[in-house]
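Shown below: target-v8.txt, with compact mmCIF, C-alpha atoms.
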# COMPACT_ATOMS: atom_id res chain seq x y z
CA LYS A 88 -25.71 8.09 5.51
CA ARG A 89 -23.52 10.99 6.53
CA TYR A 90 -19.81 10.40 7.02
CA LYS A 91 -17.99 12.63 9.53
CA GLY A 92 -20.70 15.26 9.18
CA ILE A 93 -20.24 15.60 5.42
CA ALA A 94 -23.45 16.10 3.45
CA LEU A 95 -24.39 13.49 0.87
CA ASP A 96 -24.03 14.28 -2.81
CA ARG A 97 -27.03 13.90 -5.07
CA LEU A 98 -27.98 10.24 -5.45
CA GLU A 99 -26.95 8.55 -8.69
CA VAL A 100 -28.29 5.11 -9.57
CA ILE A 101 -26.15 2.84 -11.75
CA VAL A 102 -27.95 -0.29 -12.89
CA ALA A 103 -25.83 -3.44 -12.58
CA ARG A 104 -26.24 -6.41 -14.89
CA LYS A 105 -28.63 -9.11 -13.82
CA GLY A 106 -27.00 -11.60 -11.44
CA LEU A 107 -23.97 -9.44 -10.53
CA PHE A 108 -24.75 -9.30 -6.79
CA HIS A 109 -25.42 -13.05 -6.81
CA ASP A 110 -22.02 -13.68 -8.45
CA TRP A 111 -20.30 -11.27 -6.05
CA LEU A 112 -21.69 -12.98 -2.94
CA LYS A 113 -20.84 -16.40 -4.39
CA GLU A 114 -17.23 -15.40 -5.05
CA LYS A 115 -16.93 -14.13 -1.48
CA GLY A 116 -18.37 -17.41 -0.14
CA LYS A 117 -21.36 -15.59 1.31
CA LEU A 118 -24.17 -16.82 -0.91
CA GLY A 119 -27.13 -17.80 1.24
CA GLY A 120 -29.98 -16.56 3.35
CA GLN A 121 -27.75 -15.37 6.20
CA HIS A 122 -25.85 -12.88 4.05
CA LYS A 123 -27.13 -9.68 2.48
CA VAL A 124 -25.85 -7.08 0.04
CA PRO A 125 -24.83 -3.95 2.02
CA ARG A 126 -27.12 -0.97 1.46
CA LEU A 127 -24.42 1.67 1.88
CA SER A 128 -20.67 1.74 2.10
CA ASN A 129 -18.09 4.48 2.60
CA GLN A 130 -15.41 2.24 1.08
CA ARG A 131 -14.79 1.38 -2.57
CA GLU A 132 -13.80 -2.27 -2.05
CA ASN A 133 -17.29 -3.55 -2.85
CA ILE A 134 -17.57 -1.85 -6.23
CA GLU A 135 -14.00 -2.83 -7.11
CA GLU A 136 -14.73 -6.48 -6.31
CA MET A 137 -17.89 -6.42 -8.43
CA LEU A 138 -16.07 -4.80 -11.35
CA SER A 139 -13.32 -7.42 -11.12
CA ILE A 140 -15.99 -10.06 -11.77
CA VAL A 141 -17.15 -8.15 -14.84
CA TYR A 142 -13.57 -7.81 -16.09
CA LYS A 143 -12.96 -11.54 -15.68
CA ARG A 144 -16.02 -12.27 -17.79
CA ILE A 145 -15.07 -10.01 -20.68
CA ASP A 146 -11.30 -10.60 -20.32
CA ASN A 147 -9.82 -9.61 -23.69
CA GLU A 148 -13.14 -9.40 -25.55
CA TYR A 149 -12.34 -5.87 -26.68
CA GLU A 150 -15.63 -5.45 -28.53
CA ASN A 151 -17.32 -5.35 -25.10
CA TYR A 152 -15.09 -2.59 -23.73
CA PRO A 153 -17.18 0.34 -25.03
CA ALA A 154 -20.15 -0.95 -23.04
CA LEU A 155 -18.14 -0.46 -19.83
CA PHE A 156 -16.60 2.84 -20.88
CA GLU A 157 -19.44 5.02 -19.61
CA LEU A 158 -19.68 3.02 -16.37
CA GLU A 159 -15.99 3.59 -15.62
CA ILE A 160 -16.35 7.28 -16.43
CA ARG A 161 -19.26 7.60 -14.01
CA LEU A 162 -17.25 5.77 -11.34
CA PHE A 163 -14.05 7.73 -11.98
CA ASN A 164 -14.09 9.45 -8.57
CA VAL A 165 -14.38 6.02 -6.94
CA LEU A 166 -12.02 3.97 -9.09
CA GLY A 167 -9.36 6.44 -10.18
CA TRP A 168 -7.59 6.21 -13.53
CA GLU A 169 -5.30 3.30 -12.58
CA LYS A 170 -8.25 0.91 -12.20
CA MET A 171 -10.17 1.94 -15.34
CA LYS A 172 -9.11 -1.01 -17.49
CA CYS A 173 -11.51 -0.47 -20.39
CA CYS A 174 -10.92 3.28 -20.58
CA GLN A 175 -7.16 2.77 -20.64
CA PHE A 176 -7.42 0.38 -23.58
CA LEU A 177 -9.90 2.48 -25.54
CA PHE A 178 -8.01 5.75 -25.04
CA ALA A 179 -4.73 4.15 -26.15
CA ASN A 180 -6.26 2.60 -29.28
CA ASN A 181 -8.93 5.08 -30.39
CA ALA A 182 -7.96 8.76 -30.52
CA ASN A 183 -11.55 9.95 -30.73
CA TYR A 184 -12.27 9.13 -27.07
CA TYR A 185 -9.58 11.49 -25.79
CA ALA A 186 -10.08 14.12 -28.48
CA ASP A 187 -13.82 14.33 -27.76
CA ILE A 188 -13.17 14.96 -24.06
CA LEU A 189 -10.68 17.73 -24.90
CA ILE A 190 -13.14 19.33 -27.32
CA LEU A 191 -15.88 19.14 -24.70
CA LEU A 192 -13.69 20.75 -22.03
CA HIS A 193 -12.29 23.53 -24.18
CA ASN A 194 -15.60 24.42 -25.78
CA LYS A 195 -16.98 25.10 -22.33
CA GLU A 196 -19.66 27.61 -23.36
CA SER A 197 -21.36 25.21 -25.75
CA SER A 198 -20.61 22.22 -23.49
CA GLU A 199 -22.63 23.59 -20.59
CA ASP A 200 -25.79 23.22 -22.66
CA LYS A 201 -25.01 19.57 -23.39
CA ILE A 202 -23.84 18.11 -20.07
CA SER A 203 -24.31 18.80 -16.37
CA HIS A 204 -21.74 20.68 -14.30
CA ASP A 205 -20.97 17.47 -12.34
CA LYS A 206 -20.22 15.55 -15.53
CA TYR A 207 -18.10 18.43 -16.83
CA MET A 208 -16.02 18.37 -13.63
CA THR A 209 -15.66 14.59 -13.89
CA PHE A 210 -14.21 14.96 -17.39
CA TYR A 211 -11.99 17.80 -16.15
CA SER A 212 -10.55 15.64 -13.34
CA LEU A 213 -10.19 12.65 -15.67
CA GLU A 214 -8.21 14.67 -18.22
CA HIS A 215 -5.93 15.92 -15.46
CA ASP A 216 -5.21 12.40 -14.14
CA ILE A 217 -5.16 10.52 -17.41
CA LYS A 218 -1.96 8.59 -18.16
CA PHE A 219 -1.65 6.55 -21.34
CA CYS A 220 0.52 6.36 -24.42
CA PRO A 221 -1.08 6.04 -27.86
CA GLY A 222 -0.64 2.58 -29.32
CA ALA A 223 0.70 1.11 -26.07
CA THR A 224 -0.30 -2.46 -25.17
CA ASN A 225 1.47 -4.84 -22.78
CA ASN A 226 4.46 -2.52 -22.24
CA THR A 227 5.23 -2.10 -25.92
CA ILE A 228 3.91 0.04 -28.77
CA ASN A 229 2.21 -1.00 -31.97
CA THR A 230 3.66 1.40 -34.54
CA ASP A 231 0.71 1.10 -36.93
CA THR A 232 -1.73 1.88 -34.12
CA LEU A 233 0.44 4.79 -32.98
CA ASN A 234 0.53 6.35 -36.45
CA SER A 235 -3.19 5.95 -37.10
CA TRP A 236 -3.97 7.27 -33.59
CA ILE A 237 -1.95 10.44 -34.12
CA ASN A 238 -3.52 11.10 -37.52
CA ALA A 239 -7.03 10.55 -36.17
CA PHE A 240 -6.28 12.73 -33.14
CA ARG A 241 -5.20 15.66 -35.29
CA ILE A 242 -8.26 15.33 -37.55
CA ARG A 243 -10.72 15.11 -34.66
CA LEU A 244 -9.24 18.11 -32.82
CA THR A 245 -9.29 20.14 -36.03
CA GLU A 246 -12.93 19.23 -36.63
CA GLY A 247 -13.72 20.37 -33.09
CA GLY A 248 -11.86 23.66 -33.47
CA GLN A 249 -9.12 22.66 -31.01
CA GLU A 250 -6.18 21.93 -33.31
CA LEU A 251 -3.95 24.15 -31.12
CA LEU A 252 -4.05 21.45 -28.45
CA PHE A 253 -2.45 18.84 -30.69
CA TYR A 254 1.26 19.16 -29.85
CA ARG A 255 0.75 20.07 -26.20
CA LYS A 256 -1.43 17.06 -25.44
CA LEU A 257 0.69 14.75 -27.53
CA GLY A 258 3.76 15.72 -25.48
CA LYS A 259 1.89 14.87 -22.28
CA LEU A 260 0.88 11.46 -23.63
CA PHE A 261 4.31 10.60 -25.03
CA ALA A 262 5.71 11.11 -21.51
CA CYS A 263 3.70 8.01 -20.53
CA SER A 264 5.61 5.83 -22.99
CA PRO A 265 6.85 2.40 -21.90
CA ILE A 266 10.57 1.59 -21.89
CA GLY A 267 12.06 0.74 -25.27
CA ASN A 268 13.41 -2.64 -26.37
CA ASP A 269 16.90 -1.27 -25.76
CA GLY A 270 16.07 -0.54 -22.12
CA LEU A 271 15.91 3.22 -22.61
CA PHE A 272 13.02 5.64 -22.12
CA PRO A 273 10.92 6.43 -24.10
CA HIS A 274 10.08 3.57 -26.44
CA GLU A 275 11.84 3.62 -29.83
CA ALA A 276 8.53 4.20 -31.65
CA ILE A 277 7.93 7.34 -29.57
CA ARG A 278 11.47 8.59 -30.17
CA GLU A 279 10.99 8.18 -33.91
CA LYS A 280 7.71 10.07 -33.77
CA ILE A 281 9.24 12.89 -31.74
CA GLU A 282 12.00 13.26 -34.33
CA GLU A 283 9.41 13.22 -37.12
CA ILE A 284 6.80 15.69 -35.81
CA GLY A 285 8.17 17.13 -32.57
CA ASN A 286 8.26 20.89 -32.11
CA ASP A 287 9.17 23.08 -29.13
CA GLU A 288 5.66 22.83 -27.69
CA LEU A 289 5.65 19.02 -27.73
CA ILE A 290 9.21 18.83 -26.40
CA HIS A 291 8.56 21.18 -23.47
CA GLU A 292 5.22 19.56 -22.58
CA PHE A 293 6.90 16.14 -22.46
CA ALA A 294 9.62 17.53 -20.19
CA PHE A 295 7.16 19.30 -17.87
CA ALA A 296 5.03 16.15 -17.60
CA ILE A 297 8.04 14.23 -16.28
CA ILE A 298 9.08 17.01 -13.89
CA TYR A 299 5.60 17.56 -12.43
CA ARG A 300 5.02 13.82 -12.07
CA ARG A 301 7.43 13.78 -9.14
CA GLY A 302 4.81 15.16 -6.75
CA MET A 303 5.58 15.53 -3.04
CA TYR A 304 9.13 14.80 -1.92
CA THR A 305 11.44 15.02 1.08
CA VAL A 306 13.96 17.88 1.08
CA THR A 307 17.53 16.49 1.02
CA ALA A 308 19.51 19.69 0.55
CA GLY A 309 19.66 19.10 -3.19
CA LYS A 310 21.06 15.55 -3.12
CA ASP A 311 18.03 13.88 -4.72
CA GLU A 312 17.71 16.64 -7.30
CA TYR A 313 21.39 16.29 -8.20
CA ALA A 314 20.94 12.52 -8.67
CA LEU A 315 17.91 13.10 -10.89
CA ALA A 316 19.83 15.69 -12.91
CA GLN A 317 22.61 13.14 -13.49
CA LYS A 318 20.09 10.42 -14.42
CA TYR A 319 18.41 12.51 -17.10
CA ASP A 320 21.70 13.88 -18.36
CA GLU A 321 22.77 10.29 -19.03
CA LEU A 322 19.63 9.78 -21.09
CA ARG A 323 20.39 12.99 -22.93
CA LYS A 324 23.83 11.71 -23.88
CA LYS A 325 22.52 8.33 -25.02
CA HIS A 326 19.94 9.91 -27.33
CA GLU A 327 21.79 12.98 -28.65
CA ILE A 328 23.28 11.37 -31.80
CA ARG A 329 20.32 9.43 -33.18
CA TYR A 330 17.46 11.27 -31.49
CA PRO A 331 18.44 14.95 -31.03
CA LYS A 332 14.90 16.20 -30.30
CA THR A 333 14.40 13.49 -27.70
CA SER A 334 17.78 14.40 -26.25
CA LYS A 335 16.60 18.00 -25.90
CA ILE A 336 13.72 16.82 -23.68
CA PHE A 337 16.13 15.26 -21.22
CA ASP A 338 18.40 18.28 -21.36
CA ILE A 339 15.47 20.43 -20.18
CA ILE A 340 14.64 17.97 -17.40
CA SER A 341 18.27 17.62 -16.29
CA ASN A 342 18.78 21.41 -16.18
CA SER A 343 15.59 21.87 -14.20
CA TYR A 344 16.70 19.40 -11.53
CA MET A 345 20.23 20.81 -11.46
CA ASN A 346 18.85 24.31 -10.83
CA GLU A 347 16.70 22.89 -8.01
CA ALA A 348 19.73 21.10 -6.56
CA ILE A 349 21.77 24.31 -6.54
CA GLN A 350 18.94 26.29 -4.95
CA GLU A 351 18.25 23.69 -2.26
CA ARG A 352 21.96 23.39 -1.42
CA TYR A 353 22.15 27.18 -1.10
CA ASP A 354 19.06 27.24 1.15
CA ALA A 355 20.47 24.48 3.36
CA GLU A 356 23.90 26.10 3.72
CA ASN A 357 22.36 29.47 4.58
CA GLU A 358 19.65 27.96 6.80
CA ILE A 359 16.85 29.38 4.67
CA PHE A 360 13.58 27.64 5.43

Any chance you could give the structure as structure tokens?
Amino acid sequence: KRYKGIALDRLEVIVARKGLFHDWLKEKGKLGGQHKVPRLSNQRENIEEMLSIVYKRIDNEYENYPALFELEIRLFNVLGWEKMKCCQFLFANNANYYADILILLHNKESSEDKISHDKYMTFYSLEHDIKFCPGATNNTINTDTLNSWINAFRIRLTEGGQELLFYRKLGKLFACSPIGNDGLFPHEAIREKIEEIGNDELIHEFAFAIIYRRGMYTVTAGKDEYALAQKYDELRKKHEIRYPKTSKIFDIISNSYMNEAIQERYDAENEIF
């Protein structure tokens, strides 16, 4: 049905496993003749509840995750990246999933013959919102997985003619690193990798990913920006001896926020709006 006068998109049918609606109604305490499965809904709670049942069944049976990968992709606009449990695991542990999406997006001319425009835009939005760190599981990083992921990522991009994306995309992903065992960001394994293979492109992409992640904010005449500049300058100092390339990332971030702080203070003092 229409919602606030907005036209319906083209219908897409996703086949659920046998018994899913039965299990969903049972879990809600509504199994019986007086309760029915809703035909339409403008909310996403129903699909999220049904998926939670599926997730409980597979739990950590990782061999079943690929079966749900396509379903989560198709439901991306409903679920959002944060709720795509299987995709998050697969992307972090198998470089080919992410590399193939990048190849598909950047080989647009040939891609249009293979997939629909709607699917192309879904992959485009997914790549924009995606947040994961290679090798990350349970707020730590498996070094062996990280190393094999990076090697596989480089090979797959090269095979797809998109090797120029390697450092830029790696910088974006490294910015999603968990905290290290020493309580500092990023994780030690990521710091070591930055020192090993980091170049200016990776370093700047990491820094920009952190800066742009801030999103909307309240103007405080430069006070918040000054505090952020101090925060990242402290990280710079803590990393500069052992991890000079990592330290450079936080120098870029700190300088960016300091420049914003100075500009916002100037605007406030001169009543520039």

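Picture a line from CA of Ala179 in chain A to CA of Gly222 in chain A; it runs 5.4 Å.
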
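Nearest residue to Ala186 in chain A among A:Phe253, A:Ile140, A:Gln121, A:Ala223 is A:Phe253, counting only C-alpha atoms.
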
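Atom pair CA of Asn133 in chain A / CA of Cys174 in chain A: separated by 20.0 Å.
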
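The space separating CA of Asn286 in chain A from CA of Tyr211 in chain A comes to 26.0 Å.
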
Can you tell me, as JSON, numbers by chain, what residues are no more than 12 Å from Phe240 in chain A when counting only C-alpha atoms, ignoring any on the same chain fewer than 6 positions away? {"A": [178, 179, 180, 181, 182, 183, 184, 185, 186, 187, 188, 189, 190, 221, 232, 233, 234, 246, 247, 249, 250, 251, 252, 253, 254, 256, 257, 260]}

For the residues selected in the previous step, produce a file with C-alpha atoms as a PDB file, in the coordinates of the input.
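Final output, saved to part_24.pdb:
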ATOM      1  CA  PHE A 178      -8.010   5.750 -25.040  1.00  0.00           C
ATOM      2  CA  ALA A 179      -4.730   4.150 -26.150  1.00  0.00           C
ATOM      3  CA  ASN A 180      -6.260   2.600 -29.280  1.00  0.00           C
ATOM      4  CA  ASN A 181      -8.930   5.080 -30.390  1.00  0.00           C
ATOM      5  CA  ALA A 182      -7.960   8.760 -30.520  1.00  0.00           C
ATOM      6  CA  ASN A 183     -11.550   9.950 -30.730  1.00  0.00           C
ATOM      7  CA  TYR A 184     -12.270   9.130 -27.070  1.00  0.00           C
ATOM      8  CA  TYR A 185      -9.580  11.490 -25.790  1.00  0.00           C
ATOM      9  CA  ALA A 186     -10.080  14.120 -28.480  1.00  0.00           C
ATOM     10  CA  ASP A 187     -13.820  14.330 -27.760  1.00  0.00           C
ATOM     11  CA  ILE A 188     -13.170  14.960 -24.060  1.00  0.00           C
ATOM     12  CA  LEU A 189     -10.680  17.730 -24.900  1.00  0.00           C
ATOM     13  CA  ILE A 190     -13.140  19.330 -27.320  1.00  0.00           C
ATOM     14  CA  PRO A 221      -1.080   6.040 -27.860  1.00  0.00           C
ATOM     15  CA  THR A 232      -1.730   1.880 -34.120  1.00  0.00           C
ATOM     16  CA  LEU A 233       0.440   4.790 -32.980  1.00  0.00           C
ATOM     17  CA  ASN A 234       0.530   6.350 -36.450  1.00  0.00           C
ATOM     18  CA  GLU A 246     -12.930  19.230 -36.630  1.00  0.00           C
ATOM     19  CA  GLY A 247     -13.720  20.370 -33.090  1.00  0.00           C
ATOM     20  CA  GLN A 249      -9.120  22.660 -31.010  1.00  0.00           C
ATOM     21  CA  GLU A 250      -6.180  21.930 -33.310  1.00  0.00           C
ATOM     22  CA  LEU A 251      -3.950  24.150 -31.120  1.00  0.00           C
ATOM     23  CA  LEU A 252      -4.050  21.450 -28.450  1.00  0.00           C
ATOM     24  CA  PHE A 253      -2.450  18.840 -30.690  1.00  0.00           C
ATOM     25  CA  TYR A 254       1.260  19.160 -29.850  1.00  0.00           C
ATOM     26  CA  LYS A 256      -1.430  17.060 -25.440  1.00  0.00           C
ATOM     27  CA  LEU A 257       0.690  14.750 -27.530  1.00  0.00           C
ATOM     28  CA  LEU A 260       0.880  11.460 -23.630  1.00  0.00           C
TER      29      LEU A 260
END

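Closest approach to Ala262 in chain A among A:Arg329, A:Lys172, A:Arg352, A:Lys218: A:Lys218, based on all atoms listed in the file.
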
Test item: residues at most 10 Å from range 302-308 of chain A, only C-alpha atoms, excluding those fewer than 4 positions along its chain, as JSON, numbers by chain: {"A": [298, 312, 313, 347, 348, 349, 350, 351, 352, 353, 354, 355, 356]}

Which residues of range 171-283 of chain A sit at most 12 Å from range 318-326 of chain A, using only C-alpha atoms? Give each one's shortest atom pair and distance in Å (one decimal place), in chain and ascending residue order, as a tab-separated table.
residue	atom	partner	partner_atom	distance
A:Asp269	CA	A:Lys325	CA	11.1
A:Gly270	CA	A:Leu322	CA	11.0
A:Leu271	CA	A:Leu322	CA	7.7
A:Phe272	CA	A:Leu322	CA	7.9
A:Pro273	CA	A:Leu322	CA	9.8
A:His274	CA	A:His326	CA	11.8
A:Glu275	CA	A:His326	CA	10.6
A:Arg278	CA	A:His326	CA	9.0
A:Glu279	CA	A:His326	CA	11.2
A:Ile281	CA	A:His326	CA	12.0
A:Glu282	CA	A:His326	CA	11.1

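The shortest atom-to-atom distance to Leu155 in chain A, with all atoms listed in the file taken into account, belongs to A:Leu177 out of A:Ile290, A:Leu177, A:Ser341, A:Tyr330.
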
Kindly provide, as AutoDock Vina command-line options, the centre and edge lengths (Å, one decimal) of an axis-aligned box around all atoms of range 152-156 of chain A given in the file, with 8 Å on each side.
--center_x -17.6 --center_y 0.1 --center_z -22.4 --size_x 21.1 --size_y 21.4 --size_z 21.2

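If you measure from each of A:Pro265, A:Cys173, A:Thr333, A:Ser212 to Asp146 in chain A using all atoms listed in the file, the closest one turns out to be A:Cys173.
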
Of A:Asn238, A:Asn268, A:Asn346, A:Thr224, the one nearest to Lys280 in chain A when counting all atoms listed in the file is A:Asn238
